[in-house]
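Q: Sending over model.cif (mmCIF, C-alpha atoms and all ligand atoms).
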```cif
data_query
#
loop_
_atom_site.label_atom_id
_atom_site.label_comp_id
_atom_site.auth_asym_id
_atom_site.auth_seq_id
_atom_site.Cartn_x
_atom_site.Cartn_y
_atom_site.Cartn_z
CA MET F 1 6.91 8.88 -24.27
CA GLU F 2 5.18 12.00 -22.97
CA GLU F 3 3.68 12.54 -26.39
CA LYS F 4 2.55 8.95 -26.66
CA ILE F 5 0.74 9.16 -23.31
CA SER F 6 -0.93 12.44 -24.28
CA GLN F 7 -2.03 10.95 -27.59
CA ILE F 8 -3.62 7.95 -25.84
CA GLN F 9 -5.31 10.35 -23.44
CA LYS F 10 -6.70 12.51 -26.26
CA ASP F 11 -7.86 9.62 -28.49
CA PHE F 12 -9.56 7.71 -25.73
CA LEU F 13 -11.27 10.67 -24.09
CA GLU F 14 -12.79 11.39 -27.50
CA LYS F 15 -13.86 7.77 -27.92
CA ILE F 16 -15.42 7.74 -24.45
CA ASN F 17 -17.34 10.91 -25.17
CA LYS F 18 -18.72 9.61 -28.43
CA SER F 19 -19.81 6.22 -27.04
CA SER F 20 -23.51 5.81 -26.31
CA SER F 21 -23.88 2.32 -24.87
CA LEU F 22 -22.54 0.25 -21.99
CA LYS F 23 -21.36 -2.27 -24.52
CA ASP F 24 -19.17 0.35 -26.28
CA LEU F 25 -17.76 1.45 -22.94
CA ASP F 26 -16.89 -2.13 -21.98
CA LYS F 27 -15.03 -2.44 -25.26
CA ILE F 28 -13.08 0.79 -24.62
CA PHE F 29 -12.25 -0.34 -21.10
CA ILE F 30 -10.74 -3.55 -22.43
CA GLU F 31 -8.81 -1.69 -25.12
CA LEU F 32 -7.22 0.41 -22.37
CA PHE F 33 -6.93 -1.74 -19.29
CA GLY F 34 -7.36 -5.30 -20.56
CA LYS F 35 -4.46 -7.66 -21.09
CA ASN F 36 -2.29 -6.11 -23.82
CA GLY F 37 -4.41 -2.94 -23.60
CA GLU F 38 -2.78 0.46 -24.18
CA ILE F 39 -2.44 1.33 -20.48
CA ASP F 40 -1.49 -2.21 -19.59
CA GLN F 41 1.38 -2.20 -22.08
CA LEU F 42 2.90 1.24 -21.36
CA PRO F 43 4.87 0.44 -18.15
CA LYS F 44 6.78 -2.23 -20.08
CA GLU F 45 8.48 0.57 -21.99
CA PHE F 46 9.50 2.49 -18.86
CA SER F 47 12.67 0.39 -18.46
CA LYS F 48 14.10 2.07 -21.55
CA LEU F 49 13.82 5.52 -19.93
CA SER F 50 16.48 7.39 -17.97
CA GLU F 51 16.04 7.96 -14.22
CA ASP F 52 15.02 11.60 -14.79
CA GLU F 53 12.51 10.77 -17.48
CA ARG F 54 11.00 8.04 -15.37
CA ARG F 55 10.49 10.53 -12.52
CA LYS F 56 8.48 12.74 -14.88
CA ILE F 57 6.59 10.05 -16.78
CA GLY F 58 5.54 8.04 -13.72
CA PRO F 59 3.16 10.67 -12.25
CA LEU F 60 1.88 11.59 -15.73
CA PHE F 61 1.07 7.99 -16.47
CA ASN F 62 -0.78 7.60 -13.17
CA GLN F 63 -2.72 10.80 -13.71
CA VAL F 64 -3.81 9.82 -17.25
CA LYS F 65 -4.70 6.32 -16.11
CA GLN F 66 -6.92 7.71 -13.34
CA GLU F 67 -8.45 10.30 -15.65
CA LEU F 68 -9.42 7.69 -18.22
CA GLU F 69 -10.83 5.34 -15.57
CA GLU F 70 -12.88 8.17 -14.13
CA ALA F 71 -14.09 9.28 -17.59
CA ILE F 72 -15.38 5.76 -18.29
CA ARG F 73 -17.09 5.55 -14.89
CA VAL F 74 -18.82 8.93 -15.35
CA LYS F 75 -19.91 8.08 -18.88
CA ARG F 76 -21.28 4.71 -17.73
CA GLU F 77 -23.45 6.45 -15.17
CA GLY F 78 -24.66 8.90 -17.81
CA VAL F 79 -25.64 6.07 -20.19
CA ARG F 80 -27.50 4.27 -17.39
CA GLU F 81 -29.38 7.42 -16.48
CA GLU F 82 -30.44 7.89 -20.12
CA THR F 83 -31.68 4.29 -20.29
CA TYR F 84 -33.79 4.66 -17.13
CA LYS F 85 -35.31 7.85 -18.47
CA ALA F 86 -36.24 6.14 -21.72
CA LEU F 87 -37.77 3.18 -19.84
CA GLU F 88 -39.86 5.49 -17.68
CA LYS F 89 -41.59 6.70 -20.81
CA GLU F 90 -42.52 3.10 -21.84
CA ASP F 91 -46.04 1.93 -20.99
CA PHE F 92 -45.63 -1.55 -19.57
CA THR F 93 -49.33 -1.89 -18.88
CA MET F 94 -49.95 -2.16 -22.62
CA GLN F 95 -51.52 -5.46 -23.73
CA PRO F 96 -49.52 -7.71 -26.04
CA PRO F 97 -50.35 -6.97 -29.69
CA ARG F 98 -52.06 -10.36 -30.19
CA LEU F 99 -54.68 -9.52 -27.58
CA GLN F 100 -55.10 -5.97 -28.79
CA HIS F 101 -56.34 -6.43 -32.29
CA LYS F 102 -58.13 -9.76 -32.08
CA LYS F 103 -61.38 -10.23 -30.23
CA ARG F 104 -60.97 -13.59 -28.61
CA GLN F 105 -63.71 -16.11 -28.43
CA GLY F 106 -63.75 -19.43 -26.62
CA HIS F 107 -64.48 -22.76 -28.28
CA LEU F 108 -64.57 -26.44 -27.38
CA HIS F 109 -61.19 -27.97 -26.60
CA LEU F 110 -59.79 -30.29 -29.28
CA ALA F 111 -60.19 -33.31 -26.97
CA THR F 112 -63.84 -32.37 -26.29
CA GLN F 113 -64.54 -31.95 -30.01
CA PHE F 114 -63.08 -35.41 -30.59
CA LYS F 115 -65.12 -36.87 -27.74
CA LYS F 116 -68.32 -35.51 -29.30
CA GLU F 117 -67.35 -36.89 -32.68
CA ILE F 118 -66.76 -40.40 -31.30
CA ILE F 119 -69.81 -40.40 -29.02
CA ASP F 120 -71.99 -39.32 -31.97
CA LEU F 121 -70.54 -42.13 -34.12
CA PHE F 122 -71.43 -44.82 -31.58
CA ALA F 123 -74.75 -43.29 -30.60
CA LYS F 124 -75.75 -44.01 -34.22
CA LEU F 125 -75.17 -47.71 -33.49
CA GLY F 126 -77.40 -47.55 -30.41
CA PHE F 127 -74.70 -47.26 -27.74
CA SER F 128 -75.69 -45.36 -24.57
CA GLN F 129 -73.22 -43.25 -22.67
CA PHE F 130 -72.20 -44.01 -19.08
CA ASP F 131 -69.80 -42.46 -16.61
CA ALA F 132 -68.13 -44.29 -13.74
CA PRO F 133 -66.32 -42.80 -10.73
CA HIS F 134 -62.80 -41.47 -11.11
CA ILE F 135 -62.12 -42.32 -7.47
CA GLU F 136 -62.88 -46.00 -7.57
CA LEU F 137 -62.90 -49.12 -5.43
CA ASP F 138 -60.34 -51.83 -6.09
CA LYS F 139 -63.36 -54.10 -6.66
CA TYR F 140 -64.51 -52.40 -9.88
CA ASN F 141 -61.12 -51.33 -11.22
CA PHE F 142 -59.50 -54.74 -10.63
CA GLU F 143 -61.19 -57.56 -8.74
CA ASP F 144 -64.40 -57.84 -10.77
CA LEU F 145 -62.21 -57.66 -13.87
CA ASN F 146 -60.49 -60.95 -12.94
CA ILE F 147 -57.49 -59.23 -11.37
CA PRO F 148 -57.48 -60.59 -7.81
CA LYS F 149 -55.83 -58.77 -4.89
CA ASP F 150 -52.05 -59.24 -4.92
CA HIS F 151 -52.15 -60.89 -8.35
CA PRO F 152 -49.09 -60.12 -10.55
CA SER F 153 -51.33 -58.97 -13.41
CA LYS F 154 -52.04 -55.87 -11.31
CA ASP F 155 -48.54 -54.73 -12.28
CA MET F 156 -49.89 -54.00 -15.77
CA TRP F 157 -51.34 -50.80 -14.31
CA ASP F 158 -49.25 -48.28 -12.35
CA THR F 159 -51.90 -47.31 -9.87
CA LEU F 160 -52.34 -44.23 -7.70
CA TYR F 161 -53.86 -45.35 -4.39
CA ILE F 162 -55.76 -42.99 -2.12
CA ASP F 163 -55.48 -42.75 1.64
CA THR F 164 -58.79 -44.10 2.97
CA GLY F 165 -58.54 -42.00 6.17
CA ASN F 166 -61.76 -42.28 8.20
CA LEU F 167 -63.81 -43.69 5.31
CA LYS F 168 -65.67 -46.91 5.92
CA VAL F 169 -63.79 -48.87 3.29
CA GLU F 170 -61.03 -51.40 3.56
CA PRO F 171 -57.62 -49.65 3.81
CA GLY F 172 -55.82 -49.69 0.46
CA SER F 173 -59.01 -50.32 -1.52
CA LEU F 174 -59.46 -46.79 -2.89
CA LEU F 175 -57.67 -45.65 -6.02
CA LEU F 176 -57.79 -43.35 -9.02
CA ARG F 177 -59.19 -45.52 -11.79
CA THR F 178 -56.50 -46.68 -14.17
CA HIS F 179 -58.88 -47.32 -17.08
CA THR F 180 -62.47 -46.85 -18.18
CA SER F 181 -62.95 -50.64 -17.92
CA ASN F 182 -64.45 -50.01 -14.45
CA PHE F 183 -67.70 -48.84 -16.03
CA TRP F 184 -68.89 -52.17 -17.38
CA PRO F 185 -68.65 -54.38 -14.23
CA ARG F 186 -70.69 -51.64 -12.55
CA LEU F 187 -73.37 -51.95 -15.25
CA MET F 188 -73.25 -55.75 -15.39
CA GLU F 189 -73.70 -55.95 -11.62
CA LYS F 190 -77.04 -54.14 -12.00
CA GLY F 191 -78.17 -57.06 -14.20
CA LYS F 192 -79.89 -54.85 -16.80
CA THR F 193 -78.96 -56.85 -19.87
CA PRO F 194 -78.60 -56.57 -22.82
CA ILE F 195 -75.89 -53.90 -22.51
CA ARG F 196 -74.68 -51.75 -25.36
CA ALA F 197 -72.73 -49.03 -23.59
CA MET F 198 -69.85 -46.63 -24.01
CA SER F 199 -67.78 -44.32 -21.83
CA PHE F 200 -65.33 -41.58 -22.73
CA ASP F 201 -63.53 -40.15 -19.76
CA ARG F 202 -60.39 -39.51 -17.76
CA CYS F 203 -58.09 -42.14 -16.28
CA PHE F 204 -55.03 -41.80 -14.09
CA ARG F 205 -51.73 -43.61 -13.72
CA TYR F 206 -48.56 -43.26 -11.73
CA GLU F 207 -46.48 -42.18 -14.71
CA ASN F 208 -43.44 -40.01 -15.12
CA ILE F 209 -44.59 -37.19 -17.35
CA ASP F 210 -42.93 -36.73 -20.72
CA ALA F 211 -43.97 -35.93 -24.29
CA ARG F 212 -45.78 -39.30 -24.65
CA HIS F 213 -46.90 -40.13 -21.12
CA SER F 214 -49.16 -38.33 -18.72
CA HIS F 215 -50.62 -39.15 -15.30
CA THR F 216 -54.03 -38.03 -16.62
CA PHE F 217 -55.37 -39.14 -19.98
CA ASN F 218 -58.57 -40.12 -21.78
CA GLN F 219 -59.95 -43.50 -22.76
CA PHE F 220 -62.91 -44.45 -24.87
CA GLU F 221 -64.41 -47.82 -24.06
CA ILE F 222 -67.37 -49.85 -25.23
CA ALA F 223 -69.01 -52.96 -23.80
CA VAL F 224 -71.65 -55.21 -25.29
CA VAL F 225 -73.32 -57.95 -23.23
CA GLY F 226 -76.13 -60.23 -24.38
CA GLN F 227 -77.54 -63.74 -24.27
CA VAL F 228 -75.28 -66.48 -25.61
CA ASN F 229 -77.67 -67.06 -28.53
CA GLN F 230 -77.08 -63.47 -29.66
CA ALA F 231 -73.65 -64.65 -30.80
CA ILE F 232 -71.45 -61.73 -29.83
CA THR F 233 -68.15 -62.59 -31.49
CA MET F 234 -64.70 -61.37 -32.51
CA ALA F 235 -66.27 -60.53 -35.88
CA ASN F 236 -68.37 -57.86 -34.16
CA LEU F 237 -65.21 -56.54 -32.55
CA LYS F 238 -63.51 -56.30 -35.92
CA TYR F 239 -66.50 -54.51 -37.43
CA LEU F 240 -66.62 -52.00 -34.56
CA SER F 241 -62.87 -51.34 -34.80
CA ASP F 242 -63.03 -50.56 -38.52
CA TYR F 243 -66.19 -48.52 -37.96
CA LEU F 244 -64.38 -46.31 -35.45
CA LEU F 245 -61.21 -45.93 -37.49
CA GLN F 246 -63.00 -45.18 -40.74
CA GLY F 247 -65.33 -42.78 -38.92
CA ILE F 248 -62.44 -40.67 -37.66
CA LEU F 249 -59.69 -41.22 -40.24
CA GLY F 250 -61.58 -41.87 -43.47
CA LYS F 251 -62.47 -44.83 -45.69
CA GLU F 252 -58.93 -46.09 -46.16
CA ALA F 253 -58.35 -46.70 -42.44
CA LYS F 254 -57.87 -50.33 -41.45
CA SER F 255 -57.41 -52.31 -38.25
CA ARG F 256 -55.59 -55.53 -37.48
CA PHE F 257 -55.74 -57.80 -34.42
CA ARG F 258 -52.81 -59.32 -32.55
CA PRO F 259 -53.23 -61.80 -29.69
CA LYS F 260 -52.67 -60.00 -26.40
CA TYR F 261 -53.24 -60.78 -22.74
CA TYR F 262 -55.71 -58.79 -20.69
CA PRO F 263 -57.05 -60.57 -17.59
CA PHE F 264 -60.68 -59.54 -18.22
CA VAL F 265 -61.07 -60.87 -21.77
CA GLU F 266 -60.55 -64.24 -23.44
CA PRO F 267 -59.45 -64.22 -26.22
CA GLY F 268 -57.76 -60.82 -25.87
CA VAL F 269 -56.30 -58.74 -28.67
CA GLY F 270 -54.24 -55.63 -29.24
CA ILE F 271 -55.74 -53.59 -32.06
CA ASP F 272 -53.40 -51.85 -34.49
CA CYS F 273 -54.29 -49.15 -36.97
CA LEU F 274 -52.69 -48.94 -40.41
CA CYS F 275 -50.25 -46.02 -40.25
CA VAL F 276 -51.99 -42.92 -41.55
CA PHE F 277 -48.71 -41.35 -42.63
CA CYS F 278 -47.10 -44.10 -44.73
CA HIS F 279 -50.16 -46.33 -45.42
CA GLY F 280 -48.33 -49.38 -44.10
CA LYS F 281 -44.99 -48.86 -45.85
CA GLY F 282 -43.18 -48.08 -42.59
CA CYS F 283 -42.04 -44.63 -41.49
CA LYS F 284 -40.53 -42.78 -38.55
CA ILE F 285 -43.88 -42.24 -36.83
CA CYS F 286 -44.84 -45.95 -36.83
CA SER F 287 -41.21 -46.97 -36.10
CA GLY F 288 -40.99 -48.67 -39.47
CA THR F 289 -43.75 -51.22 -38.73
CA GLY F 290 -46.54 -49.70 -40.84
CA TRP F 291 -48.96 -50.01 -37.88
CA PHE F 292 -49.49 -48.52 -34.46
CA GLU F 293 -51.33 -49.88 -31.47
CA ILE F 294 -54.45 -47.97 -30.52
CA ALA F 295 -56.62 -50.28 -28.42
CA GLY F 296 -57.06 -53.43 -26.37
CA ALA F 297 -60.12 -55.62 -26.71
CA GLY F 298 -61.61 -59.09 -26.44
CA LEU F 299 -64.55 -61.23 -25.38
CA ILE F 300 -65.48 -60.76 -21.74
CA HIS F 301 -63.92 -63.41 -19.49
CA PRO F 302 -66.32 -65.86 -17.73
CA ASN F 303 -64.86 -64.81 -14.36
CA VAL F 304 -66.12 -61.25 -14.93
CA PHE F 305 -69.65 -62.64 -15.44
CA LYS F 306 -69.30 -64.67 -12.26
CA ALA F 307 -68.02 -61.68 -10.26
CA THR F 308 -70.99 -59.58 -11.40
CA ASN F 309 -73.54 -62.34 -10.72
CA LEU F 310 -74.31 -63.18 -14.33
CA ASP F 311 -74.20 -66.78 -15.53
CA PRO F 312 -71.34 -67.19 -18.03
CA LYS F 313 -73.26 -70.08 -19.62
CA LYS F 314 -76.14 -67.73 -20.42
CA TYR F 315 -74.29 -64.52 -21.22
CA THR F 316 -71.54 -63.43 -23.52
CA GLY F 317 -70.01 -60.07 -24.37
CA LEU F 318 -67.23 -57.99 -25.82
CA ALA F 319 -65.26 -55.01 -24.53
CA TRP F 320 -62.89 -52.65 -26.17
CA GLY F 321 -60.82 -49.74 -24.84
CA PHE F 322 -59.02 -47.16 -26.90
CA GLY F 323 -56.65 -44.21 -26.24
CA PRO F 324 -58.07 -41.16 -28.04
CA ASP F 325 -55.28 -38.77 -26.97
CA ARG F 326 -52.71 -40.78 -28.88
CA MET F 327 -54.98 -40.91 -31.90
CA LEU F 328 -55.44 -37.13 -31.81
CA MET F 329 -51.68 -36.65 -31.57
CA LEU F 330 -51.19 -38.75 -34.68
CA LYS F 331 -54.05 -37.16 -36.58
CA HIS F 332 -52.91 -33.59 -35.93
CA GLU F 333 -49.17 -34.21 -35.57
CA ILE F 334 -49.17 -32.97 -31.97
CA GLU F 335 -45.75 -33.84 -30.62
CA ASP F 336 -46.42 -33.48 -26.88
CA ILE F 337 -49.27 -35.01 -24.85
CA ARG F 338 -48.86 -32.28 -22.20
CA PHE F 339 -50.61 -29.82 -24.53
CA PHE F 340 -53.91 -31.56 -23.67
CA LEU F 341 -53.66 -30.59 -20.01
CA GLU F 342 -52.04 -27.18 -20.27
CA GLY F 343 -53.82 -23.96 -21.16
CA ASP F 344 -51.33 -23.00 -23.87
CA LEU F 345 -53.20 -20.34 -25.89
CA GLU F 346 -51.36 -20.94 -29.14
CA PHE F 347 -52.28 -24.63 -29.01
CA LEU F 348 -55.88 -23.93 -28.02
CA GLU F 349 -56.37 -21.38 -30.80
CA LYS F 350 -54.92 -23.68 -33.44
CA PHE F 351 -57.73 -26.24 -33.15
N1 LIG Y 401 -58.33 -51.37 -19.88
C1 LIG Y 401 -57.18 -51.69 -20.72
C2 LIG Y 401 -56.04 -50.74 -20.39
O1 LIG Y 401 -56.28 -49.63 -20.03
C3 LIG Y 401 -57.53 -51.59 -22.18
C4 LIG Y 401 -58.50 -52.67 -22.58
C5 LIG Y 401 -58.02 -53.85 -23.00
C6 LIG Y 401 -59.87 -52.45 -22.52
C7 LIG Y 401 -58.89 -54.88 -23.38
C8 LIG Y 401 -60.76 -53.45 -22.89
C9 LIG Y 401 -60.24 -54.66 -23.32
O2 LIG Y 401 -62.07 -53.31 -22.86
O3 LIG Y 401 -61.09 -55.63 -23.69
O4 LIG Y 401 -54.92 -51.10 -20.50
#
```
Represent the structure contained in this file as structure tokens.
A:
Amino acid sequence: MEEKISQIQKDFLEKINKSSSLKDLDKIFIELFGKNGEIDQLPKEFSKLSEDERRKIGPLFNQVKQELEEAIRVKREGVREETYKALEKEDFTMQPPRLQHKKRQGHLHLATQFKKEIIDLFAKLGFSQFDAPHIELDKYNFEDLNIPKDHPSKDMWDTLYIDTGNLKVEPGSLLLRTHTSNFWPRLMEKGKTPIRAMSFDRCFRYENIDARHSHTFNQFEIAVVGQVNQAITMANLKYLSDYLLQGILGKEAKSRFRPKYYPFVEPGVGIDCLCVFCHGKGCKICSGTGWFEIAGAGLIHPNVFKATNLDPKKYTGLAWGFGPDRMLMLKHEIEDIRFFLEGDLEFLEKF
């Protein structure tokens, strides 16, 4: 038994000396003191010893046990010390390699590039660009658009209302605009017809943020208003939809209309785009339908003309609103809408 204990002592002191990492030392500790470890097992054999032997072996065992524990503790401290010394020599102020060797230059954000592309397309057709307030009155975002106060159709938009505080407006009438559709009642109200206008800008909704939804997003919207005899029809809407899609996706792009309710247009349609990935066959991205919805549109409702002091018997018009962020995600296979709002350098440099 004495020999066995001495052997363990010799072998393990050597092992401890040779080890150079905390991980090695943890392993040695378990080999000795863990369940079924060498030191853990030894006392089980003491019952076989005579009284005299036990009196001798007991203190030896305790001494070796303490010696080994102490050797591990001292070695651990030594390894730690070495590690700190090595770290002190490191230069943590160094720039990451990516920034070191590449001179970085700014460029327009992908969404801004896309905005320019679309604005240029429609400028060619004689559309002028307009901006409307982001902080908007209920009147322009809803009421003029045939969505009366407390009407259930308001539920179609999850709206962020703003505290009116000391402002001289009716309480509860101030909001973050939910769509770019607020720009055309503002123009119509001024009475400067004919109108051939467009707006590309931010909108806001009370949304839970995830890969497909954001509280802040872009819309592109057009509105055309003219005299009844100018015959503004659904055919114009169809032409403009294909013009946009082919302008951004190429000649093969196609649109289709589905009847859809929007309070400010009659008839109203949802516009789908032929899936750019499967060309209509049905795939994972279009959920097997071959199409995906990109816009809402229709002929302006007579009540919108009335609300903006234009005679619906004399005037007619069309309006059309489209979500460019979603289109960009599809075009470039961007899987998360949050990239548009975050300053992620890898994303920004890619486009
Ligand atoms: N403003 C609508 C929305 O954000 C989209 C829309 C639908 C715009 C029909 C239009 C239209 O101009 O005619 O949900």
Q: Given the choices F:Glu335, F:Glu221, F:Asp11, F:Glu88, which gets closest to ligand LIG 401 (chain Y) if the distance is worked out from all atoms listed in the file?
A: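 Ranked by minimum distance to ligand LIG 401 (chain Y), first place goes to F:Glu221.
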Q: Compare F:Lys23, F:Lys331, F:Lys190, F:Lys154 by their minimum atom-to-atom distance to ligand LIG 401 (chain Y), counting only C-alpha atoms and all ligand atoms, and give me the closest one.
A: F:Lys154
Q: Which one is closest to Val224 (chain F): F:Ala319, F:Leu160, F:Leu108, F:Leu137? Count only C-alpha atoms.
A: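 Once distances to Val224 (chain F) are computed over only C-alpha atoms, the minimum belongs to F:Ala319.
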Q: Counting all atoms listed in the file, find the residues whose atoms lie at most 9 Å from (-65.9, -47.0, -33.4) (file coordinates) and write them out as a list in words.
A: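 With a cut-off of 9 Å, the residues come to Ile118, Ile119, Leu121, Phe122, Ile222, Tyr239, Leu240, Ser241, Asp242, Tyr243, Leu244, Leu245, Gln246, Gly247 and Ile248 of chain F.
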Q: Suppose we keep C-alpha atoms; can you now write the selection as a CSV table (one decimal), in the coordinates of the input?
A:
```csv
chain,number,residue,atom,x,y,z
F,118,ILE,CA,-66.8,-40.4,-31.3
F,119,ILE,CA,-69.8,-40.4,-29.0
F,121,LEU,CA,-70.5,-42.1,-34.1
F,122,PHE,CA,-71.4,-44.8,-31.6
F,222,ILE,CA,-67.4,-49.8,-25.2
F,239,TYR,CA,-66.5,-54.5,-37.4
F,240,LEU,CA,-66.6,-52.0,-34.6
F,241,SER,CA,-62.9,-51.3,-34.8
F,242,ASP,CA,-63.0,-50.6,-38.5
F,243,TYR,CA,-66.2,-48.5,-38.0
F,244,LEU,CA,-64.4,-46.3,-35.4
F,245,LEU,CA,-61.2,-45.9,-37.5
F,246,GLN,CA,-63.0,-45.2,-40.7
F,247,GLY,CA,-65.3,-42.8,-38.9
F,248,ILE,CA,-62.4,-40.7,-37.7
```
Q: Please return as a PyMOL selection string every residue within 10 Å of (-59.0, -33.3, -30.8), taking into account all atoms listed in the file and the file's own coordinates.
A: chain F and resi 108-117+324-329+331-332+334+340+351
Q: For a quick check of understanding, using all atoms listed in the file, which of F:Leu22, F:Leu145, F:Val276, F:Cys286 has the smallest distance to ligand LIG 401 (chain Y)?
A: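 For ligand LIG 401 (chain Y), the nearest of the given residues is F:Leu145.
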Q: Step by step, measure atom-to-atom distances between ligand LIG 401 (chain Y) and each residue using only C-alpha atoms and all ligand atoms, keep those at most 6 Å, then write them as a ChimeraX atom specification.
A: /F:179,181,262,265,296-298,319-321
Q: Just the residues within 10 Å of Asp40 (chain F), please, counting all atoms listed in the file, with nothing from its chain fewer than 5 positions along; format it as a list in words.
A: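 Listing them by chain and then by number gives Ile30, Glu31, Leu32, Phe33, Gly34, Lys35 and Lys65 of chain F.
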Q: With only C-alpha atoms as the basis for distance, which of F:Val228, F:Lys350, F:Cys275, F:Ala132 is at the shortest distance from Ser287 (chain F)?
A: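 Using only C-alpha atoms, the shortest distance to Ser287 (chain F) belongs to F:Cys275.
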Q: Rank F:Leu187, F:Cys203, F:Ile271, F:Leu167 by their smallest atom-to-atom distance to Asp144 (chain F), using all atoms listed in the file, and report the top residue only.
A: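 Looking at the shortest contact to Asp144 (chain F), the residue is F:Leu187.
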Q: Could you pull the residues within 12 Å of Phe61 (chain F), counting all atoms listed in the file, minus those fewer than 3 positions along the same chain, as a VMD selection string?
A: chain F and resid 1 to 9 38 to 43 45 to 46 53 to 58 64 to 68
Q: Extract, using all atoms listed in the file, all DNA, RNA and protein residues at most 12 Å from Phe204 (chain F), discarding same-chain residues fewer than 4 positions from it, and format them as a ChimeraX atom specification.
A: /F:133-136,141,157-161,175-180,208-209,213-219
Q: Taking all atoms of region 16-31 of chain F that the file lists and extending 8 Å past them on each side, where is the centre of the axis-aligned box and how long are its edges? Answer in Å to one decimal, as AutoDock Vina command-line options.
A:
```
--center_x -16.3 --center_y 3.7 --center_z -24.8 --size_x 31.1 --size_y 30.5 --size_z 23.3
```
Q: Between CA of Pro194 (chain F) and CA of Ser173 (chain F), what is the distance in Å, rounded to a tenth?
A: 29.6 Å
